[in-house]
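Asker: Let me give you the structure first, and then I'll get to my questions.
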Amino acid sequence: MRISVFGMGYVGATTSACLAKEGHSIIGVDPDENKRSQISAGQSPIVEEGLDDLIADGVRQGRIVMTDDYTQAVAETEMSLICVGTPSRRNGSLRTDFLEKVAREIGEAIRKKGSRHSVVVRSTVLPGTTEGLVRPILEEATGGVPFGLSMNPEFLREGVSIYDFYNPPFTVIGTDSKDEFERVKLVYEGLPGEMIHCAVPTAEAMKYGCNIFHAIKITFANEMGMLCKRLGVDSGEVMDILCRDTKLNISARYMKPGFAFGGSCLPKDLRGYTYKAREMDVPLPMFEGILASNRTQIERVADRVLETKQKKVGMLGIAFKEGTDDLRESPLVTLAEILIGKGIDMRVFDPNVHYASLYGSNKEFIDRELPHLKKILVGGEEVLQHANLIIAGHKAAPYEGLIPLLEERHQVLDLTGLLRDVPTRASVDGLYW
Ligand SMILES: NC(=O)c1ccc[n+]([C@@H]2O[C@H](COP(=O)([O-])OP(=O)(O)OC[C@H]3O[C@@H](n4cnc5c(N)ncnc54)[C@H](O)[C@@H]3O)[C@@H](O)[C@H]2O)c1
């Protein structure tokens with residue numbers, strides 16, 4: 001393909017060199033004259049292993065050409081990749097001025113070209129930017145000449161970016177057009193990894209998710225390591241063994257959005273570890289923040305319920321998770337207690353807890369600690385009769401069985417995805433989906 005690349009920094013230069021090696025013809029555009037002349041002379045503008053050779057080969061074979069002429073770059077290519085910087089302002093907000101400028105220039109060049117052109121945003125941008133900022137600029141500047149628009153996040157890591165180009169985890173292409181997806185896919189033909197077609201904001205958001213997740217992983221290892229070191233424990237060995245659990249630890253488990261955690265272990269052990277760290281003057285701000293964040297999830301749902309002004313509320317599930325009768329530190333118990341305290345008339349259906357309250361080993365705990373909850377534990381149908389607002393706290397067969405009984409008058413706050421993709425007469429508000 002003939003591709004113009006706007007912005008010859010870390011992303012643009014590496015992508016251009018690798019695409020040229022794969023047989024594409026690249027026209028690189030950058031306002032920085034030094035970068036243009038360096039690349040034209042067959043040198044890499046950045047320190048990156050192997051990039052000098054790749055750029056030299058590309059330039060020698062005539063597959064990489066540099067220009068500052070936007071009109072020519074667009075006229076002589078079928079697709080433009082936007083790789084300009086999107087740095088932070090001092091207050092943390094994202095600067096989009098380079099992006100806006102380049103979008104306007106590409107749009108005007110498309111108008112002059114007079115025929116269809118594809119524009120691909122590769123810079124990291126916040127969800128909504130491509131459709132809400134880039135598209136209107138392009139629409140205005142192109143003056144009606146058709147263009148395709150997609151968002152294709154970049155995952156390379158500096159230092160190993162050529163290796164990453166040839167070994168991507170996947171390629172994500174966000175676009176609302178199947179044709180555009182097929183066109184952008186051709187850029188990466190022959191490379192390994194799954195090709196994922198998704199909505200534009202999904203592609204934008206998942207890039208942030210990846211980087212934040214990486215930051216969390218590093219901080220997690222560091223905070224584990226800091227206290228281990230003080231306790232004389234080999235943190236490298238701890239993390240090595242931890243990573244060998246690919247069922248719960250290094251896996252997709254616990255990676256679906258949906259309400260707070262609880263139970264007898266997670267909150268207790270977080271408190272125990274962070275207390276010990278405080279005692280030893282080891283600051284662990286990320287670990288300290290986890291329980292506060294978890295509490296925020298519960299309060300957010302409570303606020304949402306109170307905002308509806310409904311006084312008769314039902315809850316499906318109250319144990320700390322599905323498939324257990326354990327109520328210890330259940331976030332749903334905390335939620336119910338907040339709501340009862342605010343004068344809400346609650347009814348709760350949880351068959352496991354109901355059984356436990358009558359016969360199980362938890363009977364004594366419930367009688368002693370939660371007598372107020374025992375009074376409001378009822379059957380599923382009774383919850384639906386009583387309540388106008390229903391909080392779906394669990395996703396399991398007994399609750400799925402109630403879905404056909406939901407009526408138009410029911411409003412459901414769905415914390416777990418119980419009603420995701422399920423037809424119902426009730427109005428459903430998915431809090432995490
Ligand atoms: N560096 C990375 O490892 C990496 C990885 C993935 C994603 N990203 C994202 O990719 C984007 C680019 O990052 P980078 O590190 O390559 O940035 P960079 O600052 O190294 O390069 C940006 C280039 O864009 C050029 N530019 C500015 N305005 C221009 C315009 N109007 N037309 C053409 N070129 C213009 C600049 O001169 C510069 O050479 C950012 O959004 C970044 O967040 C970076």
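Chain labels A, B, ... are given in the sequence in which chains occur in the structure tokens; within each chain residues are numbered consecutively from 1, and ligands are likewise numbered from 1 in the order shown.
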Taking 3 positions as the minimum chain separation for residues in the same chain, which residues sit within 7 Å of region 105-117 of chain A when counting only C-alpha atoms? Answer as a PyMOL selection string.

Answerer: chain A and resi 70-71+74-75+78-79+101-102+138+141-143+145-148

Asker: At a cut-off of 6 Å around ligand 1, and using only C-alpha atoms and all ligand atoms, what residues come up? Please write them as a PyMOL selection string.

Answerer: chain A and resi 6-12+29-32+83-86+98+101-102+123-124+154-158

Asker: How would the residues just picked look written out with N, CA and C atoms as a short mmCIF file (atom, residue, chain, number, x, y, z; two decimals), in the first residue's frame?

Answerer:
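part.cif was written with the following content:
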data_model
loop_
_atom_site.label_atom_id
_atom_site.label_comp_id
_atom_site.auth_asym_id
_atom_site.auth_seq_id
_atom_site.Cartn_x
_atom_site.Cartn_y
_atom_site.Cartn_z
N PHE A 6 2.06 10.64 9.50
CA PHE A 6 2.19 12.01 10.03
C PHE A 6 2.73 11.95 11.46
N GLY A 7 3.94 12.49 11.65
CA GLY A 7 4.60 12.43 12.95
C GLY A 7 5.64 11.34 12.91
N MET A 8 6.93 11.75 12.83
CA MET A 8 8.00 10.75 12.72
C MET A 8 8.77 10.67 14.04
N GLY A 9 8.05 10.51 15.14
CA GLY A 9 8.66 10.31 16.45
C GLY A 9 8.88 8.82 16.67
N TYR A 10 8.80 8.40 17.92
CA TYR A 10 9.05 7.00 18.25
C TYR A 10 8.10 6.07 17.50
N VAL A 11 6.82 6.42 17.52
CA VAL A 11 5.83 5.55 16.88
C VAL A 11 5.93 5.64 15.36
N GLY A 12 5.92 6.88 14.84
CA GLY A 12 5.90 7.07 13.38
C GLY A 12 7.13 6.52 12.70
N VAL A 29 5.73 12.52 7.05
CA VAL A 29 5.55 13.97 7.17
C VAL A 29 5.86 14.38 8.61
N ASP A 30 6.70 15.40 8.75
CA ASP A 30 6.97 15.92 10.08
C ASP A 30 7.44 17.37 9.92
N PRO A 31 6.94 18.28 10.76
CA PRO A 31 7.40 19.68 10.63
C PRO A 31 8.85 19.87 11.06
N ASP A 32 9.38 18.90 11.78
CA ASP A 32 10.75 19.02 12.29
C ASP A 32 11.75 18.71 11.16
N CYS A 83 0.39 9.84 13.79
CA CYS A 83 1.25 9.38 14.91
C CYS A 83 1.84 10.57 15.66
N VAL A 84 1.12 11.68 15.70
CA VAL A 84 1.66 12.86 16.38
C VAL A 84 1.54 12.68 17.90
N GLY A 85 2.30 13.49 18.63
CA GLY A 85 2.29 13.38 20.08
C GLY A 85 0.99 13.89 20.69
N THR A 86 0.63 13.30 21.83
CA THR A 86 -0.55 13.77 22.60
C THR A 86 -0.10 13.90 24.06
N PHE A 98 -1.78 19.13 18.50
CA PHE A 98 -1.05 18.56 17.34
C PHE A 98 -2.01 17.72 16.49
N LYS A 101 -4.43 19.93 14.52
CA LYS A 101 -3.75 20.60 13.40
C LYS A 101 -3.54 19.60 12.25
N VAL A 102 -3.06 18.43 12.61
CA VAL A 102 -2.76 17.45 11.56
C VAL A 102 -4.06 16.97 10.90
N SER A 123 -2.20 7.76 17.41
CA SER A 123 -1.83 8.41 18.67
C SER A 123 -2.79 7.95 19.77
N THR A 124 -2.31 7.97 20.99
CA THR A 124 -3.17 7.59 22.12
C THR A 124 -4.09 8.77 22.44
N GLU A 154 -1.44 1.90 19.19
CA GLU A 154 -0.09 1.37 19.03
C GLU A 154 0.35 0.74 20.36
N PHE A 155 0.99 -0.44 20.30
CA PHE A 155 1.39 -1.10 21.56
C PHE A 155 2.90 -1.26 21.71
N LEU A 156 3.67 -0.64 20.80
CA LEU A 156 5.11 -0.91 20.88
C LEU A 156 5.73 -0.32 22.14
N ARG A 157 6.81 -0.98 22.58
CA ARG A 157 7.57 -0.48 23.74
C ARG A 157 8.91 0.04 23.23
N GLU A 158 9.27 1.26 23.66
CA GLU A 158 10.56 1.80 23.22
C GLU A 158 11.68 0.87 23.66
#

Asker: Fewer than 2 positions away in the same chain doesn't count, so skip those; otherwise give me all residues within 12 Å of Leu227 (chain A), counting only C-alpha atoms, as a list in words.

Answerer: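 The neighbour list is Phe220, Ala221, Asn222, Glu223, Met224, Gly225, Lys229, Arg230, Leu231, Gly232, Val233, Asp234, Ser235, Val238, Gly272, Tyr273, Thr274, Tyr275, Lys276, Ala277, Arg278, Glu279, Met280, Asp281, Val282, Pro283, Leu284 and Phe287 of chain A.
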
Asker: Would you give me, as a list in words, the residues in region 177-334 of chain A that DSSP reads as strand (DSSP E)?

Answerer: Glu194, Met195, Ile196, His197, Cys198, Lys312, Val313, Gly314, Met315 and Leu316 of chain A

Asker: For CA of Glu408 (chain A) and CA of Glu337 (chain A), quote the distance in Å rounded to one decimal.

Answerer: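 Between CA of Glu408 (chain A) and CA of Glu337 (chain A) the gap works out to 27.2 Å.
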
Asker: Name all residues at most 10 Å from region 350-355 of chain A (count only C-alpha atoms; drop same-chain ones fewer than 6 positions away) and give them as a ChimeraX atom specification.

Answerer: /A:315-319,322-327,361-363,366,374,377-380,393-394,398-399

Asker: DSSP says helix (DSSP H, G or I) for which residues of region 146-353 of chain A? Put them as a VMD selection string?

Answerer: chain A and resid 161 to 166 178 to 187 200 to 230 235 to 243 266 to 279 285 to 307 331 to 341 351 to 353

Asker: When you look at Lys395 (chain A) with a cut-off of 7 Å (counting only C-alpha atoms), what residues show up, excluding the ones that are within fewer than 3 positions of it in the same chain? I need them as a list in words.

Answerer: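 These residues fall inside the cut-off: Tyr399, Thr416, Gly417 and Leu418 of chain A.
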
Asker: Write out the residues from the selection above, keeping N, CA and C atoms, as an mmCIF file, in the first residue's frame.

Answerer:
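Once everything was written out, this is selection.cif:
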data_model
loop_
_atom_site.group_PDB
_atom_site.id
_atom_site.type_symbol
_atom_site.label_atom_id
_atom_site.label_comp_id
_atom_site.auth_asym_id
_atom_site.auth_seq_id
_atom_site.Cartn_x
_atom_site.Cartn_y
_atom_site.Cartn_z
ATOM 1 N N TYR A 399 -31.694 -16.427 40.141
ATOM 2 C CA TYR A 399 -32.084 -15.057 39.789
ATOM 3 C C TYR A 399 -32.489 -14.989 38.320
ATOM 4 N N THR A 416 -24.168 -6.880 37.932
ATOM 5 C CA THR A 416 -23.405 -8.072 37.557
ATOM 6 C C THR A 416 -23.571 -8.505 36.111
ATOM 7 N N GLY A 417 -24.469 -7.860 35.381
ATOM 8 C CA GLY A 417 -24.704 -8.302 34.001
ATOM 9 C C GLY A 417 -25.779 -9.379 33.916
ATOM 10 N N LEU A 418 -26.592 -9.518 34.988
ATOM 11 C CA LEU A 418 -27.679 -10.513 34.979
ATOM 12 C C LEU A 418 -28.587 -10.298 33.766
#

Asker: Using only C-alpha atoms, find the one residue out of A:Gly190, A:Asp414, A:Asp97, A:Ile55 that sits nearest to Pro257 (chain A).

Answerer: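 The closest residue to Pro257 (chain A) is A:Asp414.
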
Asker: Have a look at A:Glu381, A:Asp269, A:Glu204, A:Glu329 and name the one nearest to Ile298 (chain A); count only C-alpha atoms.

Answerer: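 For Ile298 (chain A), the nearest of the candidates is A:Glu329.
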
Asker: How many Å lie between CA of Gly263 (chain A) and CA of Tyr432 (chain A), rounded to one decimal?

Answerer: 20.5 Å

Asker: Restricting the calculation to only C-alpha atoms, which member of A:Thr171, A:Ser93, A:Ser80, A:Ser4 is positioned closest to Ile64 (chain A)?

Answerer: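 Among the listed residues, A:Ser4 lies closest to Ile64 (chain A).
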